[in-house]
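Peer 1: Got a structure here, written out as structure tokens. Questions coming.
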Amino acid sequence: MIRNLSELFETEEKSFYQRVIRAIQDIPKGKVATYGQVALVAGNPRAARQVSYILHSSTEKYALPWHRVVNSKGNISLKPKKGYELQMKLLKKEGIVFDKKNCIDLKKFGLSPNSFNIQD
DNA sequence: CTCGTGACTCCCG
DNA sequence: TCGGGAGCCACGA
């Protein structure tokens, strides 16, 4: 479990790609992280899009909890019939709650800013 | 080296 | 509130 940014940067993983993998694996069950957050933790605040690319190509290979990654609004970015329903199902199973608009309350289920933060 | 590819975000009207 | 448009970026071909 990565506790802070320093620890993350000190890992063997050198590429953004590898760090993203680590970051995602570090998302605790019952919580969700946004693409932007993952990108931030991986060291590139602007590479949110890249995170999706990585997920798409390595989800199975690294057994990533991909369903815990949602967009900044707390929505599932996948399109219906393309994983959307599956993701929602998996999240609900972990206790995540969706509101009327199928949004997740990030205040409640999103990673707190300190989860990956330096000030434990 | 250049180009295509996104499960993203931010900003504006 | 909601939708469109532009910015952004690593990785593979």
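Within each chain, counting starts at residue 1; across the structure tokens, chains are named A, B, ... in the order shown, with ligands numbered 1 upward in that order.
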Residues of chain C that have any atom at most 10 Å from an atom of chain A: could you tabulate them with the shortest-distance atom pair and the distance in Å to one decimal, using only C-alpha atoms (C1' of nucleotides), ordered by chain and increasing number, as a Markdown table?
Peer 2:
| residue | atom | partner | partner_atom | distance |
| --- | --- | --- | --- | --- |
| C:DG7 | C1' | A:Arg46 | CA | 9.5 |
| C:DC8 | C1' | A:Arg46 | CA | 6.0 |
| C:DC9 | C1' | A:Ala47 | CA | 5.4 |
| C:DA10 | C1' | A:Gln50 | CA | 6.2 |
| C:DC11 | C1' | A:Tyr17 | CA | 8.7 |
Peer 1: With N, CA and C atoms (P, O5', C5', C4', C3', O3' and C1' of nucleotides) kept, could you save the residues just selected as a JSON list (two decimals), in the first residue's frame?
Peer 2:
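Contents of part12.json, freshly written:
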[["chain", "number", "residue", "atom", "x", "y", "z"],
["C", 7, "DG", "P", -6.60, 24.27, -28.57],
["C", 7, "DG", "O5'", -6.17, 23.60, -27.19],
["C", 7, "DG", "C5'", -6.53, 24.26, -25.98],
["C", 7, "DG", "C4'", -6.08, 23.42, -24.80],
["C", 7, "DG", "C3'", -4.69, 22.82, -24.99],
["C", 7, "DG", "O3'", -4.00, 22.87, -23.75],
["C", 7, "DG", "C1'", -6.25, 21.09, -24.63],
["C", 8, "DC", "P", -2.42, 22.43, -23.73],
["C", 8, "DC", "O5'", -2.51, 21.39, -22.54],
["C", 8, "DC", "C5'", -3.56, 20.48, -22.46],
["C", 8, "DC", "C4'", -3.11, 19.20, -21.77],
["C", 8, "DC", "C3'", -1.72, 18.76, -22.25],
["C", 8, "DC", "O3'", -1.00, 18.09, -21.23],
["C", 8, "DC", "C1'", -3.38, 17.26, -23.07],
["C", 9, "DC", "P", 0.57, 17.81, -21.48],
["C", 9, "DC", "O5'", 0.73, 16.31, -20.97],
["C", 9, "DC", "C5'", -0.37, 15.49, -20.81],
["C", 9, "DC", "C4'", -0.02, 14.03, -21.05],
["C", 9, "DC", "C3'", 1.33, 13.79, -21.70],
["C", 9, "DC", "O3'", 1.84, 12.54, -21.28],
["C", 9, "DC", "C1'", -0.34, 13.04, -23.14],
["C", 10, "DA", "P", 3.41, 12.29, -21.35],
["C", 10, "DA", "O5'", 3.47, 10.70, -21.34],
["C", 10, "DA", "C5'", 2.83, 10.00, -20.29],
["C", 10, "DA", "C4'", 2.39, 8.63, -20.78],
["C", 10, "DA", "C3'", 3.52, 7.80, -21.38],
["C", 10, "DA", "O3'", 3.33, 6.45, -21.05],
["C", 10, "DA", "C1'", 1.87, 8.24, -23.03],
["C", 11, "DC", "P", 4.43, 5.44, -21.36],
["C", 11, "DC", "O5'", 3.78, 4.65, -22.57],
["C", 11, "DC", "C5'", 2.43, 4.21, -22.46],
["C", 11, "DC", "C4'", 2.01, 3.52, -23.74],
["C", 11, "DC", "C3'", 3.15, 2.78, -24.43],
["C", 11, "DC", "O3'", 2.64, 1.57, -24.96],
["C", 11, "DC", "C1'", 2.26, 4.38, -25.89]]
Peer 1: What residues in chain B lie within 7 Å of chain A, counting only C-alpha atoms (C1' of nucleotides), written as an MDAnalysis selection string?
Peer 2: chainID B and resid 6:8
Peer 1: May I have all residues of chain A that DSSP, computed from the backbone, assigns to strand (DSSP E), given as a PDB file with N, CA and C atoms, in the first residue's frame?
Peer 2:
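Heads up, here's the output in selection38.pdb:
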ATOM      1  N   ALA A  33     -11.802   6.323  -7.455  1.00  0.00           N
ATOM      2  CA  ALA A  33     -10.864   7.411  -7.738  1.00  0.00           C
ATOM      3  C   ALA A  33     -11.188   7.914  -9.134  1.00  0.00           C
ATOM      4  N   THR A  34     -10.908   9.162  -9.383  1.00  0.00           N
ATOM      5  CA  THR A  34     -11.179   9.699 -10.710  1.00  0.00           C
ATOM      6  C   THR A  34      -9.928   9.481 -11.567  1.00  0.00           C
ATOM      7  N   VAL A  69     -12.524   3.170 -10.959  1.00  0.00           N
ATOM      8  CA  VAL A  69     -12.081   4.415 -11.585  1.00  0.00           C
ATOM      9  C   VAL A  69     -13.244   5.039 -12.353  1.00  0.00           C
ATOM     10  N   VAL A  70     -13.589   6.263 -11.985  1.00  0.00           N
ATOM     11  CA  VAL A  70     -14.695   6.951 -12.637  1.00  0.00           C
ATOM     12  C   VAL A  70     -14.245   8.357 -13.047  1.00  0.00           C
TER      13      VAL A  70
END
Peer 1: What is the distance, in Å and to one decimal place, between CA of Ser58 (chain A) and CA of Arg19 (chain A)?
Peer 2: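 So the two atoms, CA of Ser58 (chain A) and CA of Arg19 (chain A), lie 12.6 Å apart.
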Peer 1: As a PyMOL selection string, please: every residue in chain A that DSSP puts in helix (DSSP H, G or I).
Peer 2: chain A and resi 5-9+16-25+35-41+48-62+66-68+84-93+106-109
Peer 1: List the spatial neighbours of Asp105 (chain A) as a list in words - criterion: any atom at most 12 Å away, only C-alpha atoms (C1' of nucleotides), same-chain residues fewer than 5 positions off excluded.
Peer 2: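 So the residues in contact are Lys31, Val32, Ala33, Thr34, Val70, Asn71, Ser72, Lys73, Gly74, Asn75, Ile96, Val97, Phe98, Asp99, Lys100, Gly110, Leu111 and Ser112 of chain A.
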Peer 1: Could you please determine the separation between CA of Arg68 (chain A) and CA of Lys29 (chain A) in Å, to one decimal place?
Peer 2: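 So the two atoms, CA of Arg68 (chain A) and CA of Lys29 (chain A), lie 8.0 Å apart.
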Peer 1: One number please: CA of Gln18 (chain A) to CA of Ala42 (chain A), in Å, one decimal.
Peer 2: 8.4 Å
Peer 1: Got a sec: who's within 9 Å of Gln25 (chain A), counting only C-alpha atoms (C1' of nucleotides), leaving out chain neighbours fewer than 6 positions off, as a ChimeraX atom specification?
Peer 2: /A:1,62-66
